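**Q** Dropping in query.txt, which is compact mmCIF, C-alpha atoms (C1' of nucleotides):
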```
# COMPACT_ATOMS: atom_id res chain seq x y z
CA MET A 1 49.89 -48.07 -40.99
CA ASP A 2 50.06 -47.37 -37.35
CA GLN A 3 50.25 -43.64 -37.68
CA THR A 4 50.25 -42.71 -34.04
CA TRP A 5 50.55 -39.00 -33.54
CA ASN A 6 49.78 -37.18 -36.76
CA ALA A 7 50.00 -33.51 -36.07
CA PRO A 8 52.24 -31.17 -34.08
CA PRO A 9 50.70 -29.28 -31.14
CA ASP A 10 51.31 -26.04 -33.01
CA PRO A 11 50.53 -26.63 -36.69
CA GLN A 12 50.06 -22.90 -37.11
CA ARG A 13 53.79 -22.44 -36.58
CA PHE A 14 55.09 -25.83 -37.74
CA ASP A 15 53.29 -26.26 -41.05
CA PRO A 16 54.30 -22.93 -42.65
CA LEU A 17 57.93 -23.62 -41.76
CA VAL A 18 57.75 -27.03 -43.44
CA TRP A 19 56.27 -25.44 -46.57
CA GLU A 20 58.82 -22.62 -46.66
CA ILE A 21 61.70 -25.07 -46.43
CA ALA A 22 60.14 -27.25 -49.14
CA ARG A 23 59.91 -24.21 -51.40
CA GLN A 24 63.70 -23.92 -51.26
CA ILE A 25 64.31 -27.37 -52.73
CA PRO A 26 65.68 -26.87 -56.25
CA ALA A 27 64.24 -28.70 -59.24
CA GLY A 28 66.16 -31.88 -59.92
CA LYS A 29 66.80 -32.48 -56.21
CA VAL A 30 64.82 -34.12 -53.42
CA PHE A 31 64.73 -33.65 -49.64
CA THR A 32 63.26 -35.93 -46.97
CA TYR A 33 60.45 -35.33 -44.48
CA GLY A 34 62.86 -35.91 -41.65
CA GLN A 35 65.45 -33.51 -43.05
CA ILE A 36 62.87 -30.76 -43.27
CA ALA A 37 61.65 -31.41 -39.75
CA ALA A 38 65.20 -31.53 -38.40
CA LEU A 39 65.65 -27.86 -39.27
CA ILE A 40 62.64 -26.79 -37.22
CA PRO A 41 63.03 -25.89 -33.53
CA PRO A 42 60.95 -28.04 -31.15
CA SER A 43 57.40 -26.92 -30.53
CA PRO A 44 56.98 -25.08 -27.22
CA GLY A 45 56.17 -27.46 -24.42
CA VAL A 46 57.20 -30.55 -26.34
CA PRO A 47 60.30 -32.34 -25.00
CA ALA A 48 63.06 -32.48 -27.61
CA GLU A 49 63.03 -36.27 -27.47
CA GLU A 50 59.32 -36.48 -28.16
CA PHE A 51 59.51 -33.82 -30.84
CA GLY A 52 62.27 -35.76 -32.55
CA ALA A 53 60.29 -38.96 -32.43
CA HIS A 54 57.33 -37.49 -34.30
CA ARG A 55 58.54 -34.57 -36.37
CA ALA A 56 59.09 -36.50 -39.58
CA ARG A 57 55.50 -37.71 -39.60
CA TRP A 58 54.32 -34.23 -38.69
CA ALA A 59 56.23 -32.89 -41.69
CA GLY A 60 54.37 -35.39 -43.85
CA SER A 61 51.13 -34.25 -42.33
CA ALA A 62 52.00 -30.63 -43.07
CA MET A 63 52.84 -31.53 -46.67
CA SER A 64 49.42 -33.10 -47.10
CA ARG A 65 48.01 -29.64 -46.54
CA CYS A 66 50.56 -27.57 -48.45
CA PRO A 67 49.67 -24.55 -50.61
CA ASP A 68 49.80 -24.90 -54.40
CA ASP A 69 53.11 -23.09 -54.74
CA VAL A 70 55.00 -25.75 -52.78
CA PRO A 71 56.97 -28.29 -54.87
CA TRP A 72 55.61 -31.20 -52.82
CA GLN A 73 56.92 -33.77 -55.28
CA ARG A 74 60.49 -33.03 -54.18
CA VAL A 75 59.90 -34.40 -50.69
CA VAL A 76 60.39 -38.15 -50.29
CA ASN A 77 61.01 -40.48 -47.37
CA SER A 78 64.36 -41.35 -45.81
CA GLN A 79 64.72 -44.37 -48.07
CA GLY A 80 64.55 -42.21 -51.18
CA LYS A 81 61.12 -43.61 -51.97
CA ILE A 82 57.76 -42.03 -52.64
CA SER A 83 55.60 -42.15 -49.54
CA PHE A 84 52.08 -42.13 -50.95
CA SER A 85 49.95 -45.18 -50.27
CA ASN A 86 47.63 -44.11 -53.08
CA PRO A 87 48.95 -45.59 -56.38
CA LYS A 88 47.53 -42.72 -58.38
CA MET A 89 49.46 -40.22 -56.31
CA GLN A 90 52.60 -42.36 -56.46
CA ASN A 91 52.49 -42.17 -60.25
CA ARG A 92 51.87 -38.46 -60.23
CA GLN A 93 54.87 -37.78 -58.02
CA ARG A 94 57.11 -40.17 -59.92
CA GLU A 95 56.25 -38.55 -63.24
CA LEU A 96 56.80 -35.04 -61.92
CA LEU A 97 60.21 -36.01 -60.58
CA LYS A 98 61.21 -37.80 -63.78
CA ALA A 99 60.26 -34.63 -65.65
CA GLU A 100 62.78 -32.79 -63.46
CA GLY A 101 65.48 -35.26 -64.45
CA ILE A 102 65.39 -37.48 -61.38
CA GLU A 103 65.96 -41.19 -61.96
CA PHE A 104 64.51 -44.16 -60.10
CA ASP A 105 66.29 -47.48 -59.71
CA ALA A 106 64.74 -50.89 -60.24
CA ARG A 107 63.14 -50.77 -56.79
CA GLU A 108 61.49 -47.39 -57.40
CA ARG A 109 64.09 -45.71 -55.24
CA ILE A 110 65.96 -42.42 -55.71
CA ASP A 111 69.69 -42.30 -54.97
CA LEU A 112 69.81 -39.66 -52.25
CA ALA A 113 73.60 -39.45 -52.46
CA HIS A 114 73.16 -38.17 -55.99
CA TYR A 115 69.79 -36.42 -56.03
CA GLY A 116 69.47 -35.45 -52.39
CA TRP A 117 69.57 -31.73 -51.64
CA ARG A 118 72.11 -30.51 -49.11
CA GLY A 119 69.63 -28.19 -47.45
CA PRO A 120 69.25 -24.42 -47.12
CA GLY A 121 72.32 -22.29 -46.48
CA ASP A 122 73.06 -21.31 -42.89
CA ASP A 123 72.30 -17.69 -43.71
CA TRP A 124 68.84 -18.61 -44.98
CA LEU A 125 68.13 -20.73 -41.92
CA GLN A 126 69.12 -17.93 -39.59
CA ALA A 127 66.99 -15.42 -41.47
CA HIS A 128 63.96 -17.65 -41.02
CA GLY A 129 64.38 -18.33 -37.34
CA LEU A 130 65.29 -21.97 -37.86
CA LEU A 131 67.94 -23.99 -36.12
CA PRO A 132 71.43 -22.47 -36.05
CA PRO A 133 74.17 -24.29 -38.01
CA GLU A 134 75.55 -26.10 -35.00
CA GLN A 135 72.20 -27.73 -34.26
CA LYS A 136 71.16 -28.39 -37.81
CA PHE A 137 70.36 -32.06 -38.40
CA GLN A 138 71.60 -32.95 -34.95
CA GLN A 139 68.36 -33.02 -33.06
CA GLY A 140 67.65 -36.65 -32.45
CA SER A 141 68.93 -38.97 -35.14
CA LEU A 142 66.28 -38.72 -37.79
CA LEU A 143 66.89 -37.95 -41.38
C1' DC B 1 29.10 -42.99 -32.62
C1' DG B 2 32.43 -46.90 -33.86
C1' DT B 3 35.81 -47.64 -37.69
C1' DT B 4 39.04 -46.64 -40.89
C1' DT B 5 42.98 -44.41 -42.50
C1' DG B 6 46.96 -42.00 -42.86
C1' DA B 7 53.28 -37.42 -47.53
C1' DC B 8 57.62 -41.25 -41.28
C1' DT B 9 61.60 -43.36 -39.23
C1' DA B 10 64.71 -46.31 -36.60
C1' DC B 11 65.48 -50.66 -35.31
C1' DG B 12 65.24 -55.68 -34.75
C1' DC B 13 65.12 -60.08 -37.38
C1' DC C 1 68.14 -56.32 -48.06
C1' DG C 2 63.15 -56.85 -47.13
C1' DC C 3 59.51 -57.04 -43.73
C1' DG C 4 57.31 -56.18 -39.25
C1' DT C 5 56.84 -53.21 -35.26
C1' DA C 6 56.51 -49.33 -32.09
C1' DG C 7 54.74 -44.74 -31.52
C1' DC C 8 49.22 -44.74 -29.37
C1' DC C 9 46.45 -39.05 -32.57
C1' DA C 10 42.36 -37.22 -35.17
C1' DA C 11 39.80 -36.21 -39.09
C1' DA C 12 36.89 -38.27 -42.38
C1' DC C 13 33.46 -41.88 -43.12
```
Show me this structure written as structure tokens.
**A**
Amino acid sequence: MDQTWNAPPDPQRFDPLVWEIARQIPAGKVFTYGQIAALIPPSPGVPAEEFGAHRARWAGSAMSRCPDDVPWQRVVNSQGKISFSNPKMQNRQRELLKAEGIEFDARERIDLAHYGWRGPGDDWLQAHGLLPPEQKFQQGSLL
DNA sequence: CGTTTGACTACGC
DNA sequence: CGCGTAGCCAAAC
């Protein structure tokens, strides 16, 4: 539970981008915190290395504050597991995902190879000022 | 005002 | 494959 650095230096820019990307995730698919964050350009003044080291957690932080129209249940961690520590919330997310046709294995894990979303199209990314195709997912090594 | 508590991930055992 | 650790902030109690 050592959370370290919870929020980006520019949540006003970062958070809305996280939410907008999450809104693109289709029902029946899931995306990870790290994958969302990997599409966002580094915050001004933050070294790429440092940004990469914390962005996934920052994405989680942004999701904790997301507007009602964001399908928050479709965002899981890099292991394909639900990231809530609160059991009540874990159940809520699991039920919502099951209702969308997503299956969990015996260890409460989702098979990302099968249910993982491939991400927004390059055209969409470009239109939203996000990372160009050649940099997509390549910043750091996070998922 | 000190403590507790987090929607993460990679990596080493 | 499961479990612990680093990272070392900040808002809510």
**Q** Would you work out the distance separating atom C1' of B:DT9 from atom C1' of C:DA6, expressed in Å to one decimal?
**A**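 Atom C1' of C:DA6 lies at a distance of 10.6 Å from atom C1' of B:DT9.
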**Q** Which residues come within 9 Å of A:Arg23, counting only C-alpha atoms (C1' of nucleotides), excluding same-chain residues fewer than 6 positions away, as JSON, numbers by chain?
**A** {"A": [69, 70, 71, 72]}
**Q** Give me, as a PDB file with C-alpha atoms (C1' of nucleotides), in the frame of the given file, the contact residues of chain B against chain A at a cut-off of 12 Å, counting all atoms listed in the file.
**A**
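Output file iface.pdb follows:
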```pdb
ATOM      1  C1'  DT B   4      39.040 -46.640 -40.890  1.00  0.00           C
ATOM      2  C1'  DT B   5      42.980 -44.410 -42.500  1.00  0.00           C
ATOM      3  C1'  DG B   6      46.960 -42.000 -42.860  1.00  0.00           C
ATOM      4  C1'  DA B   7      53.280 -37.420 -47.530  1.00  0.00           C
ATOM      5  C1'  DC B   8      57.620 -41.250 -41.280  1.00  0.00           C
ATOM      6  C1'  DT B   9      61.600 -43.360 -39.230  1.00  0.00           C
ATOM      7  C1'  DA B  10      64.710 -46.310 -36.600  1.00  0.00           C
TER       8       DA B  10
END
```
**Q** Any idea what the distance is between atom CA of A:Gly28 and atom CA of A:Gly119?
**A**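 Calculated distance between atom CA of A:Gly28 and atom CA of A:Gly119 is 13.5 Å.
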**Q** Counting all atoms listed in the file, collect the residues of chain C whose closest atom lies at most 8 Å from chain A, and write them out as a list in words.
**A** DG7, DC8, DC9 and DA10 of chain C
**Q** Between atom CA of A:Gly101 and atom CA of A:Pro16, what is the distance in Å, rounded to a tenth?
**A**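 Spanning atom CA of A:Gly101 to atom CA of A:Pro16 is a straight-line distance of 27.4 Å.
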**Q** Can you pull out every residue within 8 Å of A:Glu100, counting only C-alpha atoms (C1' of nucleotides), but drop anything in the same chain fewer than 3 positions away, and send it as JSON, numbers by chain?
**A** {"A": [27, 28, 96, 97]}
**Q** Near B:DG12, within 12 Å and counting all atoms listed in the file, which residues show up once chain neighbours fewer than 5 positions away are dropped, as a PyMOL selection string?
**A** chain C and resi 3-6
